[in-house]
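Okay, final_21.cif is below, mmCIF, C-alpha atoms:
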data_target
loop_
_atom_site.label_atom_id
_atom_site.label_comp_id
_atom_site.auth_asym_id
_atom_site.auth_seq_id
_atom_site.Cartn_x
_atom_site.Cartn_y
_atom_site.Cartn_z
CA ASN A 11 0.00 0.00 0.00
CA ALA A 12 1.93 3.05 -1.28
CA GLY A 13 -0.65 5.65 -0.22
CA VAL A 14 -0.32 8.84 -2.28
CA THR A 15 2.56 9.05 -4.74
CA GLN A 16 3.69 11.95 -6.93
CA THR A 17 5.77 12.08 -10.09
CA PRO A 18 8.26 13.69 -10.55
CA LYS A 19 9.89 14.67 -7.25
CA PHE A 20 11.86 17.56 -8.73
CA ARG A 21 11.60 19.53 -11.96
CA VAL A 22 13.16 22.63 -13.44
CA LEU A 23 11.34 24.46 -16.23
CA LYS A 24 12.01 27.52 -18.31
CA THR A 25 9.41 30.26 -18.52
CA GLY A 26 6.76 29.34 -21.07
CA GLN A 27 7.33 25.59 -20.97
CA SER A 28 4.56 23.19 -20.08
CA MET A 29 4.47 20.16 -17.85
CA THR A 30 2.16 17.74 -16.07
CA LEU A 31 2.43 16.53 -12.50
CA LEU A 32 0.98 13.12 -11.80
CA CYS A 33 -0.64 12.06 -8.55
CA ALA A 34 -1.74 8.50 -7.84
CA GLN A 35 -3.44 6.98 -4.80
CA ASP A 36 -4.19 3.35 -4.02
CA MET A 37 -6.57 3.90 -1.09
CA ASN A 38 -9.71 4.04 -3.22
CA HIS A 39 -10.37 7.60 -2.06
CA GLU A 40 -13.10 9.55 -3.79
CA TYR A 41 -11.62 13.01 -3.29
CA MET A 42 -8.28 14.32 -4.51
CA TYR A 43 -6.59 17.70 -4.17
CA TRP A 44 -3.65 19.75 -5.41
CA TYR A 45 -2.00 22.27 -3.09
CA ARG A 46 1.00 24.53 -3.41
CA GLN A 47 3.34 25.47 -0.59
CA ASP A 48 5.35 28.69 -0.70
CA PRO A 49 7.97 29.90 1.81
CA GLY A 50 6.45 31.39 4.95
CA MET A 51 2.98 30.24 4.00
CA GLY A 52 0.82 27.26 4.63
CA LEU A 53 -0.52 25.10 1.84
CA ARG A 54 -3.09 26.64 -0.49
CA LEU A 55 -5.62 24.69 -2.53
CA ILE A 56 -5.25 24.93 -6.31
CA HIS A 57 -7.91 22.51 -7.62
CA TYR A 58 -9.75 19.51 -6.32
CA SER A 59 -11.91 16.63 -7.51
CA VAL A 60 -14.78 14.87 -5.79
CA GLY A 61 -14.90 12.01 -8.24
CA GLU A 62 -13.79 10.60 -11.56
CA GLY A 63 -14.47 13.05 -14.35
CA THR A 64 -15.13 16.01 -12.02
CA THR A 65 -12.87 18.92 -11.07
CA ALA A 66 -13.33 22.25 -9.33
CA LYS A 67 -11.33 25.38 -8.57
CA GLY A 68 -9.74 26.01 -5.23
CA GLU A 69 -8.21 29.12 -3.72
CA VAL A 70 -5.42 29.75 -6.28
CA PRO A 71 -6.42 28.09 -9.60
CA ASP A 72 -5.05 30.59 -12.14
CA GLY A 73 -2.41 29.20 -14.48
CA TYR A 74 -3.24 25.55 -13.74
CA ASN A 75 -5.49 22.91 -15.23
CA VAL A 76 -6.39 19.49 -13.86
CA SER A 77 -7.94 16.28 -15.04
CA ARG A 78 -9.23 13.18 -13.31
CA LEU A 79 -9.87 10.53 -15.92
CA LYS A 80 -9.39 7.66 -13.49
CA LYS A 81 -10.38 7.49 -9.84
CA GLN A 82 -6.86 6.78 -8.69
CA ASN A 83 -5.10 9.52 -10.70
CA PHE A 84 -5.21 13.31 -10.57
CA LEU A 85 -3.11 15.34 -13.00
CA LEU A 86 -2.00 18.94 -12.58
CA GLY A 87 -0.96 20.79 -15.72
CA LEU A 88 0.94 24.01 -16.28
CA GLU A 89 0.41 25.17 -19.86
CA SER A 90 2.87 28.08 -19.82
CA ALA A 91 5.01 28.09 -16.72
CA ALA A 92 5.85 31.37 -14.97
CA PRO A 93 8.44 32.10 -12.26
CA SER A 94 5.54 32.78 -9.86
CA GLN A 95 4.70 29.09 -10.11
CA THR A 96 7.97 28.10 -8.48
CA SER A 97 6.74 26.18 -5.46
CA VAL A 98 6.37 22.81 -3.82
CA TYR A 99 3.25 21.02 -5.02
CA PHE A 100 1.40 18.52 -2.87
CA CYS A 101 -1.29 16.11 -3.86
CA ALA A 102 -3.70 14.78 -1.25
CA SER A 103 -6.66 12.43 -1.09
CA SER A 104 -9.49 11.69 1.27
CA THR A 105 -12.66 9.69 1.54
CA SER A 106 -16.05 11.37 1.23
CA VAL A 107 -16.92 10.63 4.87
CA ARG A 108 -13.77 11.39 6.85
CA PRO A 109 -12.34 14.91 7.05
CA GLU A 110 -8.61 14.20 7.15
CA GLN A 111 -6.54 14.38 3.99
CA PHE A 112 -3.52 12.22 3.24
CA PHE A 113 -0.63 13.80 1.40
CA GLY A 114 1.94 12.71 -1.13
CA PRO A 115 5.66 13.50 -0.77
CA GLY A 116 5.53 16.67 -2.85
CA THR A 117 7.12 17.91 -6.07
CA ARG A 118 9.59 20.77 -6.00
CA LEU A 119 9.15 22.83 -9.18
CA THR A 120 11.46 25.65 -10.17
CA VAL A 121 10.61 27.93 -13.09
CA LEU A 122 13.52 29.96 -14.40
CA ALA B 10 -12.79 33.04 4.77
CA GLN B 11 -11.28 31.06 7.58
CA THR B 12 -7.92 32.16 8.95
CA VAL B 13 -5.49 30.08 10.96
CA THR B 14 -2.72 31.78 12.92
CA GLN B 15 0.42 30.22 14.31
CA SER B 16 2.23 32.97 16.18
CA GLN B 17 5.43 31.03 16.92
CA PRO B 18 7.60 30.79 13.78
CA GLU B 19 10.27 28.79 15.61
CA MET B 20 10.57 26.87 18.83
CA SER B 21 13.08 24.55 20.43
CA VAL B 22 12.88 21.98 23.20
CA GLN B 23 15.31 19.72 24.97
CA GLU B 24 15.00 16.04 24.29
CA ALA B 25 12.59 14.34 26.73
CA GLU B 26 10.98 17.65 27.69
CA THR B 27 7.47 18.88 26.89
CA VAL B 28 6.63 21.63 24.40
CA THR B 29 3.38 23.32 23.41
CA LEU B 30 2.72 24.80 19.97
CA SER B 31 0.00 27.43 19.65
CA CYS B 32 -2.72 27.84 17.06
CA THR B 33 -5.70 30.17 16.89
CA TYR B 34 -8.34 30.34 14.22
CA ASP B 35 -11.19 32.53 13.16
CA THR B 36 -14.54 31.15 12.06
CA SER B 37 -18.24 31.77 12.43
CA GLU B 38 -19.00 28.07 12.09
CA ASN B 39 -20.14 26.01 15.05
CA ASN B 40 -19.00 22.67 13.76
CA TYR B 41 -15.65 22.07 12.10
CA TYR B 42 -12.46 20.01 12.22
CA LEU B 43 -8.99 20.94 13.36
CA PHE B 44 -5.76 19.16 12.57
CA TRP B 45 -2.07 19.21 13.29
CA TYR B 46 0.21 18.07 10.51
CA LYS B 47 3.94 17.41 10.81
CA GLN B 48 6.36 18.12 7.97
CA PRO B 49 9.83 16.68 8.64
CA PRO B 50 12.83 17.53 6.44
CA SER B 51 11.70 14.78 4.07
CA ARG B 52 8.87 17.20 3.14
CA GLN B 53 6.13 14.58 3.65
CA MET B 54 3.00 15.99 5.33
CA ILE B 55 2.00 13.62 8.12
CA LEU B 56 -1.25 13.82 10.05
CA VAL B 57 -0.51 14.01 13.78
CA ILE B 58 -3.89 14.51 15.38
CA ARG B 59 -7.48 15.50 14.64
CA GLN B 60 -10.15 17.21 16.73
CA GLU B 61 -13.88 17.57 16.01
CA ALA B 62 -15.32 20.83 17.32
CA TYR B 63 -18.44 19.13 18.70
CA LYS B 64 -16.32 16.94 20.97
CA GLN B 65 -15.42 18.49 24.30
CA GLN B 66 -12.80 15.88 25.06
CA ASN B 67 -9.32 16.79 23.88
CA ALA B 68 -7.80 14.40 21.35
CA THR B 69 -4.74 12.36 22.27
CA GLU B 70 -2.40 10.24 20.17
CA ASN B 71 0.40 8.70 22.21
CA ARG B 72 2.81 11.54 23.12
CA PHE B 73 0.72 14.12 21.25
CA SER B 74 -2.30 15.81 22.78
CA VAL B 75 -4.28 18.98 22.12
CA ASN B 76 -5.81 21.67 24.27
CA PHE B 77 -8.96 22.69 22.41
CA GLN B 78 -10.63 25.83 23.70
CA LYS B 79 -13.64 26.40 21.47
CA ALA B 80 -14.78 29.69 22.96
CA ALA B 81 -11.29 31.11 22.66
CA LYS B 82 -10.84 29.55 19.20
CA SER B 83 -7.56 28.06 20.33
CA PHE B 84 -6.06 24.69 19.41
CA SER B 85 -2.62 24.03 20.86
CA LEU B 86 -0.51 20.92 20.43
CA LYS B 87 1.43 19.45 23.33
CA ILE B 88 4.30 17.09 22.63
CA SER B 89 5.45 15.13 25.66
CA ASP B 90 8.79 13.36 26.05
CA SER B 91 10.14 15.10 22.93
CA GLN B 92 12.27 12.97 20.64
CA LEU B 93 14.82 13.91 18.00
CA GLY B 94 12.44 12.60 15.35
CA ASP B 95 9.92 15.25 16.36
CA THR B 96 12.10 17.90 14.71
CA ALA B 97 9.89 19.25 11.92
CA MET B 98 7.57 22.00 10.77
CA TYR B 99 4.17 21.72 12.39
CA PHE B 100 1.08 23.07 10.67
CA CYS B 101 -2.31 23.71 12.19
CA ALA B 102 -5.22 23.30 9.77
CA PHE B 103 -8.98 23.93 9.75
CA ARG B 104 -11.78 22.38 7.72
CA LYS B 105 -15.53 22.98 7.65
CA PRO B 106 -17.82 19.95 7.26
CA GLY B 107 -18.74 19.48 3.64
CA ALA B 108 -16.01 21.81 2.45
CA ASN B 109 -13.05 20.66 0.44
CA ASN B 110 -10.47 23.16 1.52
CA LEU B 111 -8.04 22.70 4.36
CA PHE B 112 -6.95 26.13 5.63
CA PHE B 113 -3.40 26.03 6.94
CA GLY B 114 -1.44 28.24 9.29
CA THR B 115 2.05 29.38 8.37
CA GLY B 116 3.70 26.73 10.50
CA THR B 117 6.01 26.45 13.51
CA ARG B 118 9.51 25.08 13.06
CA LEU B 119 10.30 22.85 16.05
CA THR B 120 13.83 21.76 16.83
CA VAL B 121 14.48 19.07 19.42
CA ILE B 122 17.90 19.56 20.98
CA PRO B 123 19.84 16.48 22.14
#
Could you render the structure as structure tokens?
Amino acid sequence: NAGVTQTPKFRVLKTGQSMTLLCAQDMNHEYMYWYRQDPGMGLRLIHYSVGEGTTAKGEVPDGYNVSRLKKQNFLLGLESAAPSQTSVYFCASSTSVRPEQFFGPGTRLTVL
Amino acid sequence: AQTVTQSQPEMSVQEAETVTLSCTYDTSENNYYLFWYKQPPSRQMILVIRQEAYKQQNATENRFSVNFQKAAKSFSLKISDSQLGDTAMYFCAFRKPGANNLFFGTGTRLTVIP
């Protein structure tokens, strides 16, 4: 049981490049989330999904897109990366009945 | 919007001693959930403890316990018998029932000194 995994762990992009972060969970959780963590701040919600084929905006959605084609996977896309998107990105999942969220190990993204 | 405040950016404690991390929050809700998460240098976010607002009894998980003061909107974490492995960032978080967002504080960096 791996829990929540994220790929890749580190990435460096140039401004304007695109990339996709992959999150996978093997706990059969209905809900999945993408957060970003910036220095001196707590985590902030980017997008979330309450089920396969559904997504919704969180607190800081601009510049990101997401897709959830399979229940166990949640993808975060950056179409045209900007230096302001340099951050650590966390994926999380939860059931629909319990409030706690379980986090992946994070992806450190640097945009030059 | 909910706000979560952790007023102690850094703290330190001697190994085997007890330390308390503070958290206050602002909400107009009557029912909600509060959490403490630990983030060690590995960066992994680990759930430490959870408290439901409707429960008067303070949550306890082994060496970790909370002091939940609903009227004061305070949720502190007490770590007893501190161990070197407790060295980490600790985040307080808030969630409303039915909501999808966890609102996090800015964290407290705890160092356990041998």
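The residue that comes closest to B:Gly107, out of B:Thr12, B:Ser31, B:Asn40, B:Thr120 and on the basis of only C-alpha atoms, is B:Asn40.
Note that the spacing between atom CA of A:Arg118 and atom CA of A:Ser97 amounts to 6.1 Å.
Evaluated on this file, the PyMOL selection byres ((chain B and resi 75) around 9) matches Thr29, Ile58, Arg59, Gln60, Asn67, Ala68, Thr69, Phe73, Ser74, Asn76, Phe77, Phe84, Ser85, Leu86, Lys87 and Ile88 of chain B.
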Requested in this report: Identify the residues around (-11.7, 14.6, 3.3) within a radius of 10 Å, measuring from all atoms listed in the file in the coordinates stated by the file, and give them as number ranges by chain.
Outcome: A: 39-43, 60, 102-112; B: 104, 106-111
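Minimum atom-to-atom distance to A:Gly13, evaluated using all atoms listed in the file, belongs to A:Gln82 out of A:Tyr58, A:Gln82, A:Asp48, A:Ser94.
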Query raised in the report: What residues in chain A lie within 8 Å of chain B, counting all atoms listed in the file, written as a list in words?
Result: Gly50, Met51, Gly52, Leu53, Arg54, Leu55, Tyr58, Gly68, Pro109, Glu110, Phe112, Phe113, Gly114, Pro115 and Gly116 of chain A
Report task. Take the PyMOL selection byres ((chain A and resi 96) around 12), apply it to the structure above, and return the hits as number ranges by chain. Result -> A: 20-25, 46-49, 88, 91-95, 97-99, 117-122
**Report entry** Ground truth for the PyMOL selection byres ((chain B and resi 22) around 8), written as a ChimeraX atom specification
**Finding:** /B:20-21,23-24,26-28,91,119-122
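Across the model, the gap from atom CA of B:Arg118 to atom CA of A:Gln16 is 24.6 Å.
As for atom CA of B:Ser89 and atom CA of B:Pro49, they are spaced 17.6 Å apart.
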Which protein, DNA or RNA residues have an atom at most 12 Å from (-9.1, 6.5, -12.4), counting only C-alpha atoms? List them as a PDB file with C-alpha atoms, in the coordinates of the input.
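This is the output file out.pdb:
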ATOM      1  CA  CYS A  33      -0.640  12.060  -8.550  1.00  0.00           C
ATOM      2  CA  ALA A  34      -1.740   8.500  -7.840  1.00  0.00           C
ATOM      3  CA  GLN A  35      -3.440   6.980  -4.800  1.00  0.00           C
ATOM      4  CA  ASP A  36      -4.190   3.350  -4.020  1.00  0.00           C
ATOM      5  CA  MET A  37      -6.570   3.900  -1.090  1.00  0.00           C
ATOM      6  CA  ASN A  38      -9.710   4.040  -3.220  1.00  0.00           C
ATOM      7  CA  HIS A  39     -10.370   7.600  -2.060  1.00  0.00           C
ATOM      8  CA  GLU A  40     -13.100   9.550  -3.790  1.00  0.00           C
ATOM      9  CA  TYR A  41     -11.620  13.010  -3.290  1.00  0.00           C
ATOM     10  CA  MET A  42      -8.280  14.320  -4.510  1.00  0.00           C
ATOM     11  CA  SER A  59     -11.910  16.630  -7.510  1.00  0.00           C
ATOM     12  CA  GLY A  61     -14.900  12.010  -8.240  1.00  0.00           C
ATOM     13  CA  GLU A  62     -13.790  10.600 -11.560  1.00  0.00           C
ATOM     14  CA  GLY A  63     -14.470  13.050 -14.350  1.00  0.00           C
ATOM     15  CA  THR A  64     -15.130  16.010 -12.020  1.00  0.00           C
ATOM     16  CA  SER A  77      -7.940  16.280 -15.040  1.00  0.00           C
ATOM     17  CA  ARG A  78      -9.230  13.180 -13.310  1.00  0.00           C
ATOM     18  CA  LEU A  79      -9.870  10.530 -15.920  1.00  0.00           C
ATOM     19  CA  LYS A  80      -9.390   7.660 -13.490  1.00  0.00           C
ATOM     20  CA  LYS A  81     -10.380   7.490  -9.840  1.00  0.00           C
ATOM     21  CA  GLN A  82      -6.860   6.780  -8.690  1.00  0.00           C
ATOM     22  CA  ASN A  83      -5.100   9.520 -10.700  1.00  0.00           C
ATOM     23  CA  PHE A  84      -5.210  13.310 -10.570  1.00  0.00           C
ATOM     24  CA  LEU A  85      -3.110  15.340 -13.000  1.00  0.00           C
TER      25      LEU A  85
END
For stretch 65-73 of chain A, what centre and edge lengths in Å (one decimal) does the axis-aligned box get once 4 Å is added on each side of all its listed atoms, as JSON?
{"center_x": -7.9, "center_y": 24.8, "center_z": -9.1, "size_x": 18.9, "size_y": 19.7, "size_z": 18.8}
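Excluding A:Asp72 itself and any same-chain residue fewer than 3 positions from it, the protein and nucleic acid residues within 10 Å of it, counting all atoms listed in the file, are Ile56, His57, Lys67, Gly68, Glu69, Asn75 and Leu88 of chain A.
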Query raised in the report: Can you list, as a ChimeraX atom specification, every protein, DNA or RNA residue that comes within 10 Å of A:Thr30 when you count all atoms listed in the file, leaving out same-chain residues fewer than 6 positions away?
Result: /A:17-18,74-76,85-89
For the selection you just gave me, I'd like the residues written to a file as an mmCIF file, in the frame of the given file, keeping C-alpha atoms.
data_model
loop_
_atom_site.group_PDB
_atom_site.id
_atom_site.type_symbol
_atom_site.label_atom_id
_atom_site.label_comp_id
_atom_site.auth_asym_id
_atom_site.auth_seq_id
_atom_site.Cartn_x
_atom_site.Cartn_y
_atom_site.Cartn_z
ATOM 1 C CA THR A 17 5.770 12.080 -10.090
ATOM 2 C CA PRO A 18 8.260 13.690 -10.550
ATOM 3 C CA TYR A 74 -3.240 25.550 -13.740
ATOM 4 C CA ASN A 75 -5.490 22.910 -15.230
ATOM 5 C CA VAL A 76 -6.390 19.490 -13.860
ATOM 6 C CA LEU A 85 -3.110 15.340 -13.000
ATOM 7 C CA LEU A 86 -2.000 18.940 -12.580
ATOM 8 C CA GLY A 87 -0.960 20.790 -15.720
ATOM 9 C CA LEU A 88 0.940 24.010 -16.280
ATOM 10 C CA GLU A 89 0.410 25.170 -19.860
#
